[in-house]
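Colleague: Below is a structure I'd like to ask you about.
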Amino acid sequence: MGAVKPVSLALEGLGFTFPGADEPVLRDIHLKMDAGGFLVLVGESGCGKSTLLRLLAGLEKPTNGSILFDGVEVNELEPRERDVAMVFQSYALYPHMTVAENLGFPLRVAKQSPESVRSRVGEVAEALGLSALLQRKPGELSGGQRQRVAMGRAMVRQPRLFLFDEPLSNLDANLRAQMRAELGQRHRELGITTVYVTHDQVEAMTLADSIALLRNGRLEQVGSPEDCFMRPETDYVASFFGQPPAAVVPGAWSDGILQLGQGQVPFKADWSQGQDSQLKVGLRPDALVLDTEGSLEGHLDEVEYTGAECRAYFRLRGLEDHRVCVSIDSNEAAKLNVGTTARLGVLNDRILLFGADGKALRVTPE
Amino acid sequence: MRRWLTQMGIYGFLVLVTIVTLYPLLWVVGLAIGDGQRRGGLNPFASAPSLDGFQTLFRQSGFGQALFNSLAISLAAACLGVLLAATLGYALSRFQFFGKDAGLKSIIVSQMFPGVVSSIPIYWLLHHLDLLDSRTGLVLVYATTSVPFCAYAAKGWFDTLPSDLLDAARMDGAGPWRTFWTVALPLAAPALAVTFLFAFMGAWSEFILAQTFLFEESNYTVPMVLQRFTDPHSADWRAFAAGSLIVSAPVLALFYTLQKHLVGGLSAGAVK
């Protein structure tokens, strides 16, 4: 395949409101992305991630701000002028065309000669293992094969930017894992800048070099998967990432003691930002351990068996409205009885602290 | 036992309805291929077989020419009507433009009036276009009168096309025309088959407008020729029946070839 120059991407104050709607779907999005990068957009349904993708595609035009490809504004350019390709959640294969015709469509539209269309389609089909299926119609293909054809149709034109809208969400779990691996592999081979929308955290974490979490049309955090997971900038980010995500509970700190419900956790730290303040405390499943000497007491609500480890859900005394997950070893789980109470210890260096406004507090425990 | 009775009741009713529907048709067939002498009371095929009816039909009256005229006019009108209806339906379904709602409503309203109402303005139009007494003129009249219904049907079908498909075509570099021709139109084939049939049948069996706008006998359509056999003073019902059979043939043939699409087209959008 010929050399393609991937594009670098920048969004500056991007906003979008659907014609006739009052509320904007996207507001004030600032984002930079290097050429050849893999950006994953995540967020709840309706947060605007698919709309952002459609703006990048050129299927919608921004209301404010600008979209820059290699520093050049492309706001008003049609998709074909932007040289981008998109894989749709529904695959959007043309049902009346064969696989070969589907793959060749973008080339035929670009008025390439029949010979070059044929040879390029052959190349792409070969690379995706579709050579034997070229004469089939999409209706005669399995889900995974359709997904590959959709990929192929996006690859065939060698675009500068790939856009994916939840491309794997219609596949069953095993196939999804396989296609996810293939997708990552392909991105490493082709090196084309990619923006990928998903609601699947595993996809986001494994594929992305950078994740952007959207909430109500605003960017909540942009960062590497590790940043998003380990160093969430807000309590919302903490309660979004993780399986299960962090439980965010109210707390307070004063004089070396972190108050969680009725539990008092010794927590010595160099505390410059707001002493004695009301806090939000993010507890991931690995922040708590079963410990007969522990400073917290929890009522065991439920145990989920997931394989080597189990998830035990507790309601901490004084914080009965919240369920806190603790990941424990299966052998230990066998000794627990739902409905009883247990003592839990806190690993100070694993807990996440946020101010009352939800912004992260960077506090290093001593 | 009660279930059995209910079943019998349903079957009996259906048989009765079938007889009521088919009997007049059988009568026409019997009349067309009989010798015109009535013998047995209710049996439509009681008279001796004879093809005199068909002979009369073709020997006099320019029936062959009329048949050709009707076929040419109806096919041209249906093709033109479907083409206009498909583009209009697509635009109504997929684009936002000024006057769209008003246009849609006026299409529906226009369907509330019989076509004859507009015969005087159309007459005036054709007169000024120098298209009175011409087959081209009648093609235009039939094509345009079929457009509102057909466009509405086509819009309904285009509404059911997943927008992802059209977005995908746009991403693949296709402009609006290319998307319409290569993606939307082929996928709308079943619906267009149905609208084609309606447009064709409307033109094929139309009498009043043809009678109003055509004068020269060489331009006559089949219904106009057939009408002459029903003249109260010299009615030839056998020739009329024979003509009716021939007139039904193209419609039957069309129904037969399009039936696969018909079921899909009529129920299109019912289940997604």
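Identifiers for the structure tokens are assigned positionally: chains receive A, B, ... in sequence, residues are indexed from 1 per chain, and ligands are indexed from 1 in the order shown.
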Identify all chain B residues at most 7 Å from chain A by counting only C-alpha atoms; ligands do not count. Present them as a count of residues only.
Modeller: 10
Colleague: Please measure the separation of atom CA of Leu22 of chain B and atom CA of Ser146 of chain B, giving the value in Å to one decimal.
Modeller: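 If I compute the distance from atom CA of Leu22 of chain B to atom CA of Ser146 of chain B, I get 28.7 Å.
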Colleague: Using only C-alpha atoms, find the one residue out of A:Ser66, A:Asn337, A:Gln264, A:Ser131 that sits nearest to Gln145 of chain A.
Modeller: A:Ser131
Colleague: Find the residues around Gly81 of chain B up to 10 Å (only C-alpha atoms counted), leave out those fewer than 2 positions away in its own chain, and share them as an MDAnalysis selection string.
Modeller: chainID B and resid 75:79 83:86 139:148 150:151 195:196 199:200
Colleague: For the selection you just gave me, I'd like the residues written to a file as a compact mmCIF listing (two decimals), in the first residue's frame, keeping N, CA and C atoms.
Modeller:
```
# COMPACT_ATOMS: atom_id res chain seq x y z
N LEU B 75 -47.04 3.63 -20.89
CA LEU B 75 -45.67 3.33 -20.49
C LEU B 75 -44.87 4.62 -20.31
N ALA B 76 -44.97 5.51 -21.29
CA ALA B 76 -44.22 6.76 -21.20
C ALA B 76 -44.65 7.56 -19.98
N ALA B 77 -45.98 7.62 -19.77
CA ALA B 77 -46.48 8.40 -18.64
C ALA B 77 -46.02 7.79 -17.32
N ALA B 78 -46.06 6.45 -17.23
CA ALA B 78 -45.65 5.81 -15.98
C ALA B 78 -44.17 6.02 -15.72
N CYS B 79 -43.34 5.88 -16.77
CA CYS B 79 -41.90 6.08 -16.58
C CYS B 79 -41.61 7.51 -16.13
N LEU B 83 -40.30 8.67 -12.39
CA LEU B 83 -39.04 9.40 -12.27
C LEU B 83 -39.24 10.70 -11.49
N LEU B 84 -40.30 11.44 -11.87
CA LEU B 84 -40.58 12.69 -11.16
C LEU B 84 -40.93 12.41 -9.71
N ALA B 85 -41.75 11.38 -9.51
CA ALA B 85 -42.20 11.06 -8.15
C ALA B 85 -41.04 10.63 -7.28
N ALA B 86 -40.10 9.87 -7.87
CA ALA B 86 -38.97 9.38 -7.07
C ALA B 86 -38.09 10.55 -6.63
N VAL B 139 -49.42 12.17 -22.48
CA VAL B 139 -48.38 11.59 -21.61
C VAL B 139 -48.07 12.56 -20.48
N LEU B 140 -47.90 13.84 -20.82
CA LEU B 140 -47.59 14.83 -19.78
C LEU B 140 -48.71 14.92 -18.76
N VAL B 141 -49.96 14.91 -19.26
CA VAL B 141 -51.11 15.01 -18.35
C VAL B 141 -51.14 13.82 -17.40
N TYR B 142 -51.02 12.61 -17.95
CA TYR B 142 -51.08 11.40 -17.10
C TYR B 142 -49.92 11.35 -16.12
N ALA B 143 -48.71 11.70 -16.62
CA ALA B 143 -47.54 11.63 -15.75
C ALA B 143 -47.71 12.57 -14.56
N THR B 144 -48.15 13.81 -14.85
CA THR B 144 -48.24 14.77 -13.74
C THR B 144 -49.38 14.43 -12.79
N THR B 145 -50.49 13.90 -13.31
CA THR B 145 -51.57 13.58 -12.38
C THR B 145 -51.20 12.39 -11.49
N SER B 146 -50.26 11.55 -11.93
CA SER B 146 -49.89 10.40 -11.09
C SER B 146 -48.83 10.80 -10.06
N VAL B 147 -48.18 11.95 -10.27
CA VAL B 147 -47.05 12.30 -9.40
C VAL B 147 -47.41 12.43 -7.91
N PRO B 148 -48.50 13.15 -7.55
CA PRO B 148 -48.73 13.33 -6.11
C PRO B 148 -48.80 12.02 -5.32
N CYS B 150 -47.81 8.98 -6.22
CA CYS B 150 -46.57 8.21 -6.33
C CYS B 150 -45.45 8.83 -5.50
N ALA B 151 -45.38 10.16 -5.48
CA ALA B 151 -44.34 10.82 -4.71
C ALA B 151 -44.55 10.56 -3.22
N THR B 195 -45.40 2.01 -7.44
CA THR B 195 -45.85 3.30 -7.96
C THR B 195 -45.95 3.24 -9.48
N PHE B 196 -45.04 2.50 -10.12
CA PHE B 196 -45.09 2.35 -11.57
C PHE B 196 -46.41 1.71 -11.97
N ALA B 199 -49.25 4.16 -11.58
CA ALA B 199 -49.20 5.18 -12.62
C ALA B 199 -49.64 4.58 -13.96
N PHE B 200 -49.19 3.37 -14.24
CA PHE B 200 -49.53 2.72 -15.51
C PHE B 200 -51.03 2.47 -15.59
```
Colleague: If we count only C-alpha atoms and set the cut-off at 10 Å, which residues sit around Leu53 of chain A, ignoring sequence neighbours fewer than 6 positions away in its own chain? Please answer as a list in words.
Modeller: Leu41, Leu59, Glu60, Met86, Leu163, Phe164, Asp165, Val195, Tyr196 and Val197 of chain A
Colleague: Include C-alpha atoms and write out the residues we just selected as an mmCIF file, in the first residue's frame.
Modeller:
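Ended up saving to part-v8.cif:
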```cif
data_model
loop_
_atom_site.group_PDB
_atom_site.id
_atom_site.type_symbol
_atom_site.label_atom_id
_atom_site.label_comp_id
_atom_site.auth_asym_id
_atom_site.auth_seq_id
_atom_site.Cartn_x
_atom_site.Cartn_y
_atom_site.Cartn_z
ATOM 1 C CA LEU A 41 -14.179 9.392 22.559
ATOM 2 C CA LEU A 59 -21.547 15.298 7.911
ATOM 3 C CA GLU A 60 -22.459 18.221 10.193
ATOM 4 C CA MET A 86 -15.808 6.445 8.448
ATOM 5 C CA LEU A 163 -13.444 7.697 12.050
ATOM 6 C CA PHE A 164 -15.126 4.824 13.855
ATOM 7 C CA ASP A 165 -18.584 5.030 15.389
ATOM 8 C CA VAL A 195 -10.835 8.858 16.154
ATOM 9 C CA TYR A 196 -12.958 6.146 17.679
ATOM 10 C CA VAL A 197 -16.272 6.411 19.511
#
```
Colleague: Excluding Leu168 of chain A and its own-chain neighbours fewer than 6 positions away, which residues fall within 9 Å of it when counting only C-alpha atoms? Please give them as number ranges by chain.
Modeller: A: 89, 144, 147, 175-177, 179-180, 198
Colleague: So how far away is atom CA of Val42 of chain A from atom CA of Gln185 of chain A, in Å?
Modeller: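 Here the two named atoms are 21.0 Å from each other.
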Colleague: Check the smallest atom-to-atom distance from each of B:Leu214, B:Val194, B:Ile108, B:Val225 to Tyr123 of chain B using only C-alpha atoms, then report the winner.
Modeller: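 Nearest candidate to Tyr123 of chain B out of B:Leu214, B:Val194, B:Ile108, B:Val225: B:Leu214.
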Colleague: Could you check how far atom CA of Leu104 of chain B sits from atom CA of Trp204 of chain B, in Å to one decimal?
Modeller: 26.7 Å
Colleague: List the spatial neighbours of segment 361-364 of chain A as a ChimeraX atom specification - criterion: any atom at most 10 Å away, only C-alpha atoms, same-chain residues fewer than 6 positions off excluded.
Modeller: /A:231-234,267-274,279-280,348-349,352-355
Colleague: Give the helix (DSSP H, G or I) residues of segment 106-215 of chain B, as assigned by DSSP on the backbone, as number ranges by chain.
Modeller: B: 106-110, 115-128, 135-160, 163-171, 176-187, 189-204, 208-213
Colleague: Restricted to C-alpha atoms, what would the selected residues look like written as a short mmCIF file (atom, residue, chain, number, x, y, z; two decimals), in the first residue's frame?
Modeller:
```cif
data_model
loop_
_atom_site.label_atom_id
_atom_site.label_comp_id
_atom_site.auth_asym_id
_atom_site.auth_seq_id
_atom_site.Cartn_x
_atom_site.Cartn_y
_atom_site.Cartn_z
CA SER B 106 -50.76 20.58 -0.90
CA ILE B 107 -49.91 17.19 -2.36
CA ILE B 108 -52.35 15.56 0.02
CA VAL B 109 -55.01 18.18 -0.61
CA SER B 110 -54.64 17.80 -4.37
CA GLY B 115 -58.53 14.83 -11.84
CA VAL B 116 -61.42 15.91 -14.07
CA VAL B 117 -61.79 19.08 -12.02
CA SER B 118 -58.60 20.38 -13.53
CA SER B 119 -59.51 19.45 -17.09
CA ILE B 120 -60.33 23.02 -18.15
CA PRO B 121 -57.02 24.56 -16.98
CA ILE B 122 -55.18 21.60 -18.46
CA TYR B 123 -57.05 22.09 -21.72
CA TRP B 124 -55.96 25.74 -21.72
CA LEU B 125 -52.36 24.74 -20.95
CA LEU B 126 -52.24 22.12 -23.68
CA HIS B 127 -53.80 24.54 -26.12
CA HIS B 128 -51.06 27.10 -25.44
CA ARG B 135 -50.08 11.73 -27.54
CA THR B 136 -47.19 13.69 -26.01
CA GLY B 137 -49.69 16.03 -24.40
CA LEU B 138 -51.61 13.16 -22.89
CA VAL B 139 -48.38 11.59 -21.61
CA LEU B 140 -47.59 14.83 -19.78
CA VAL B 141 -51.11 15.01 -18.35
CA TYR B 142 -51.08 11.40 -17.10
CA ALA B 143 -47.54 11.63 -15.75
CA THR B 144 -48.24 14.77 -13.74
CA THR B 145 -51.57 13.58 -12.38
CA SER B 146 -49.89 10.40 -11.09
CA VAL B 147 -47.05 12.30 -9.40
CA PRO B 148 -48.73 13.33 -6.11
CA PHE B 149 -49.76 9.84 -5.05
CA CYS B 150 -46.57 8.21 -6.33
CA ALA B 151 -44.34 10.82 -4.71
CA TYR B 152 -46.10 10.32 -1.42
CA ALA B 153 -45.62 6.55 -1.65
CA ALA B 154 -41.96 7.01 -2.62
CA LYS B 155 -41.37 9.44 0.25
CA GLY B 156 -42.77 6.85 2.64
CA TRP B 157 -40.28 4.32 1.35
CA PHE B 158 -37.29 6.67 1.36
CA ASP B 159 -38.16 7.54 4.96
CA THR B 160 -37.44 3.93 5.91
CA SER B 163 -29.71 7.45 7.12
CA ASP B 164 -26.36 5.76 7.78
CA LEU B 165 -26.44 4.39 4.24
CA LEU B 166 -26.81 7.81 2.69
CA ASP B 167 -24.21 9.25 5.08
CA ALA B 168 -21.87 6.42 4.09
CA ALA B 169 -22.27 7.32 0.43
CA ARG B 170 -21.49 10.92 1.26
CA MET B 171 -18.39 9.82 3.19
CA PRO B 176 -26.40 14.09 -3.75
CA TRP B 177 -27.18 12.95 -7.32
CA ARG B 178 -24.81 10.01 -7.21
CA THR B 179 -26.16 8.97 -3.81
CA PHE B 180 -29.68 9.13 -5.18
CA TRP B 181 -28.96 7.15 -8.35
CA THR B 182 -26.60 4.52 -7.04
CA VAL B 183 -27.79 3.97 -3.47
CA ALA B 184 -31.27 5.29 -2.75
CA LEU B 185 -32.94 4.48 -6.07
CA PRO B 186 -31.86 0.82 -6.38
CA LEU B 187 -32.96 0.23 -2.80
CA ALA B 189 -36.98 -0.52 -6.46
CA PRO B 190 -39.83 -2.41 -4.73
CA ALA B 191 -41.65 0.80 -3.86
CA LEU B 192 -41.05 2.20 -7.33
CA ALA B 193 -42.46 -0.99 -8.86
CA VAL B 194 -45.68 -0.36 -7.01
CA THR B 195 -45.85 3.30 -7.96
CA PHE B 196 -45.09 2.35 -11.57
CA LEU B 197 -48.03 -0.04 -11.54
CA PHE B 198 -50.38 2.59 -10.14
CA ALA B 199 -49.20 5.18 -12.62
CA PHE B 200 -49.53 2.72 -15.51
CA MET B 201 -53.01 1.56 -14.54
CA GLY B 202 -54.20 5.09 -14.00
CA ALA B 203 -53.17 6.05 -17.53
CA TRP B 204 -54.24 2.76 -19.13
CA ILE B 208 -62.54 11.26 -19.63
CA LEU B 209 -59.33 13.27 -20.07
CA ALA B 210 -58.42 11.31 -23.20
CA GLN B 211 -61.87 11.98 -24.63
CA THR B 212 -61.44 15.68 -23.84
CA PHE B 213 -57.98 16.23 -25.27
#
```
Colleague: Which residues, written as a list in words, have at least one atom at most 10 Å from segment 326-328 of chain A, with only C-alpha atoms counted and residues fewer than 3 positions away on the same chain left out?
Modeller: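 Contacts, with the query itself left out: Pro244, Leu283, Arg284, Pro285, Asp286, Ala287, Leu288, Val289, Leu290, Val303, Glu304, Tyr305, Ala308, Glu309, Cys310, Arg311, Ala312, Tyr313, Phe314, Arg323, Asn331, Glu332, Ala333 and Leu344 of chain A.
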Colleague: Between A:Leu56, A:Leu300, A:Cys325, A:Ile192, which has the minimum distance to Val338 of chain A (counting only C-alpha atoms)?
Modeller: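 So, comparing all the options, the nearest one is A:Leu300.
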Colleague: From the DSSP assignment of the backbone, select every residue of segment 220-305 of chain A that is strand (DSSP E or B), and format the answer as a PyMOL selection string.
Modeller: chain A and resi 220-223+234+242+245+247-254+257-260+263-266+269+278-283+288-290+296-305
Colleague: Could you save those same residues with C-alpha atoms as a PDB file, in the first residue's frame?
Modeller:
```
ATOM      1  CA  GLU A 220     -14.389  16.334  31.129  1.00  0.00           C
ATOM      2  CA  GLN A 221     -10.862  15.022  30.685  1.00  0.00           C
ATOM      3  CA  VAL A 222      -8.430  14.253  27.905  1.00  0.00           C
ATOM      4  CA  GLY A 223      -5.473  12.056  28.669  1.00  0.00           C
ATOM      5  CA  THR A 234     -12.906  15.055  38.489  1.00  0.00           C
ATOM      6  CA  GLY A 242     -13.078   1.083  36.000  1.00  0.00           C
ATOM      7  CA  PRO A 245     -16.004   2.256  38.492  1.00  0.00           C
ATOM      8  CA  ALA A 247     -17.613   4.650  44.251  1.00  0.00           C
ATOM      9  CA  VAL A 248     -17.631   8.327  45.115  1.00  0.00           C
ATOM     10  CA  VAL A 249     -18.680   8.955  48.721  1.00  0.00           C
ATOM     11  CA  PRO A 250     -18.730  12.121  50.807  1.00  0.00           C
ATOM     12  CA  GLY A 251     -15.983  12.575  53.371  1.00  0.00           C
ATOM     13  CA  ALA A 252     -14.218  15.180  55.495  1.00  0.00           C
ATOM     14  CA  TRP A 253     -10.648  15.667  56.659  1.00  0.00           C
ATOM     15  CA  SER A 254      -9.213  17.305  59.669  1.00  0.00           C
ATOM     16  CA  ILE A 257      -8.191  11.906  60.200  1.00  0.00           C
ATOM     17  CA  LEU A 258     -10.303  11.189  57.136  1.00  0.00           C
ATOM     18  CA  GLN A 259     -13.927  10.813  58.167  1.00  0.00           C
ATOM     19  CA  LEU A 260     -15.901   8.354  56.007  1.00  0.00           C
ATOM     20  CA  GLY A 263     -15.420   5.411  60.152  1.00  0.00           C
ATOM     21  CA  GLN A 264     -12.295   7.349  60.954  1.00  0.00           C
ATOM     22  CA  VAL A 265      -9.293   6.674  58.772  1.00  0.00           C
ATOM     23  CA  PRO A 266      -5.880   7.899  59.868  1.00  0.00           C
ATOM     24  CA  ALA A 269      -0.830  14.217  54.352  1.00  0.00           C
ATOM     25  CA  GLN A 278     -15.854  18.676  52.725  1.00  0.00           C
ATOM     26  CA  LEU A 279     -14.494  16.149  50.264  1.00  0.00           C
ATOM     27  CA  LYS A 280     -15.579  13.606  47.745  1.00  0.00           C
ATOM     28  CA  VAL A 281     -13.696  10.384  48.111  1.00  0.00           C
ATOM     29  CA  GLY A 282     -13.298   7.927  45.251  1.00  0.00           C
ATOM     30  CA  LEU A 283     -12.907   4.325  46.281  1.00  0.00           C
ATOM     31  CA  LEU A 288     -10.234  -1.323  50.397  1.00  0.00           C
ATOM     32  CA  VAL A 289      -9.202  -4.669  51.853  1.00  0.00           C
ATOM     33  CA  LEU A 290     -10.756  -7.093  54.292  1.00  0.00           C
ATOM     34  CA  LEU A 296     -14.282   0.990  58.535  1.00  0.00           C
ATOM     35  CA  GLU A 297     -17.242  -1.262  59.076  1.00  0.00           C
ATOM     36  CA  GLY A 298     -19.351  -2.445  56.173  1.00  0.00           C
ATOM     37  CA  HIS A 299     -22.508  -4.420  55.687  1.00  0.00           C
ATOM     38  CA  LEU A 300     -22.063  -7.038  52.946  1.00  0.00           C
ATOM     39  CA  ASP A 301     -24.751  -6.521  50.330  1.00  0.00           C
ATOM     40  CA  GLU A 302     -23.820  -8.864  47.534  1.00  0.00           C
ATOM     41  CA  VAL A 303     -20.954 -10.987  46.228  1.00  0.00           C
ATOM     42  CA  GLU A 304     -20.386 -11.339  42.481  1.00  0.00           C
ATOM     43  CA  TYR A 305     -18.288 -14.230  41.302  1.00  0.00           C
TER      44      TYR A 305
END
```
